[in-house]
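Asker: Structure below; questions to follow.
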Amino acid sequence: MPRVKRGVTAHRRHKKVLSLTKGHRATKHSIYRRAHESMLKSLSYAYFHRRERKGDMRRLWISRVNAASRAQGLGYSQFIEGLRKSGVEINRKMLADMAVREPESFAHLVTLAKGKV
């Protein structure tokens, strides 16, 4: 059986890791061992922050809806409670979008919620 030289596989794997760590500082983008550690850490951060971003966006939508509903004279919690009691099932993302792009229809929702609170 012929001898197998493994340099090509290892070189390809090293190149892949070094390309993933391209923007990292110091030796974390040039030395393979440090780059591998840096890559593992950065990929775990990316995974965690993809999930964290969903909560960030929800907080942003809530603050936008709160600001728009307070401008109409109703607090956020009362607004959401009024919508729930009036049977309007619309998510916070759509409410925030309406508050920014369609203020007149958002004002209509606020008056609807005021009637139920």
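Going through the structure tokens in order, the chains are called A, B, and so on, while each chain numbers its residues from 1 and the ligands are numbered from 1 in the order shown.
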Within 10 Å of segment 38-52 of chain A, counting only C-alpha atoms, which residues show up once you throw out same-chain ones fewer than 6 positions away? Write them as an mmCIF file with C-alpha atoms, in the first residue's frame, please.
Answerer:
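Output below, filename part26.cif:
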data_model
loop_
_atom_site.group_PDB
_atom_site.id
_atom_site.type_symbol
_atom_site.label_atom_id
_atom_site.label_comp_id
_atom_site.auth_asym_id
_atom_site.auth_seq_id
_atom_site.Cartn_x
_atom_site.Cartn_y
_atom_site.Cartn_z
ATOM 1 C CA VAL A 17 -9.518 28.546 10.261
ATOM 2 C CA LEU A 18 -7.198 31.425 9.360
ATOM 3 C CA SER A 19 -9.704 32.777 6.840
ATOM 4 C CA LEU A 20 -12.457 32.697 9.497
ATOM 5 C CA THR A 21 -10.292 34.755 11.854
ATOM 6 C CA LYS A 22 -9.297 37.327 9.260
ATOM 7 C CA HIS A 24 -9.041 39.386 14.598
ATOM 8 C CA ARG A 25 -6.235 41.253 16.363
ATOM 9 C CA THR A 27 -1.689 36.637 16.709
ATOM 10 C CA LYS A 28 -5.331 35.528 16.777
ATOM 11 C CA HIS A 29 -5.483 35.763 12.990
ATOM 12 C CA TYR A 32 -3.065 28.582 13.908
#
Asker: With a distance cut-off of 9 Å and only C-alpha atoms, select the neighbouring residues of Ala67 of chain A, excluding the residue or stretch itself and same-chain residues fewer than 5 positions from it, and output the selection as a list in words.
Answerer: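 Neighbouring residues, sequence-local ones excluded: Ile62, Gln72, Gly75, Tyr76 and Ala99 of chain A.
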Asker: Emit the selected residues as a PDB file, in the first residue's frame, including C-alpha atoms.
Answerer:
ATOM      1  CA  ILE A  62     -41.775  47.839  23.110  1.00  0.00           C
ATOM      2  CA  GLN A  72     -51.597  59.575  22.514  1.00  0.00           C
ATOM      3  CA  GLY A  75     -49.205  54.062  28.882  1.00  0.00           C
ATOM      4  CA  TYR A  76     -47.784  50.923  27.305  1.00  0.00           C
ATOM      5  CA  ALA A  99     -46.389  53.609  15.193  1.00  0.00           C
TER       6      ALA A  99
END
Asker: Could you name the residues that touch segment 85-98 of chain A at 8 Å or less, counting only C-alpha atoms, but leaving out those on the same chain fewer than 5 positions away, as a VMD selection string?
Answerer: chain A and resid 58 61 to 62 64 to 65 103 105 to 106 112 to 113 116
Asker: Could you save the residues just selected, with C-alpha atoms, as an mmCIF file, in the first residue's frame?
Answerer:
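Printed below is again19.cif as written:
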data_model
loop_
_atom_site.group_PDB
_atom_site.id
_atom_site.type_symbol
_atom_site.label_atom_id
_atom_site.label_comp_id
_atom_site.auth_asym_id
_atom_site.auth_seq_id
_atom_site.Cartn_x
_atom_site.Cartn_y
_atom_site.Cartn_z
ATOM 1 C CA ARG A 58 -38.469 43.000 21.225
ATOM 2 C CA TRP A 61 -40.406 47.441 19.594
ATOM 3 C CA ILE A 62 -41.775 47.839 23.110
ATOM 4 C CA ARG A 64 -41.321 52.444 20.263
ATOM 5 C CA VAL A 65 -44.885 51.376 21.041
ATOM 6 C CA PRO A 103 -49.509 57.043 12.996
ATOM 7 C CA SER A 105 -54.060 53.922 12.225
ATOM 8 C CA PHE A 106 -51.995 53.532 15.408
ATOM 9 C CA LEU A 112 -59.919 51.473 20.703
ATOM 10 C CA ALA A 113 -57.740 50.428 23.657
ATOM 11 C CA LYS A 116 -61.712 49.041 26.986
#
Asker: As number ranges by chain, which residues of chain A does DSSP assign to alpha helix (DSSP H)?
Answerer: A: 7-20, 32-71, 76-85, 92-101, 103-116
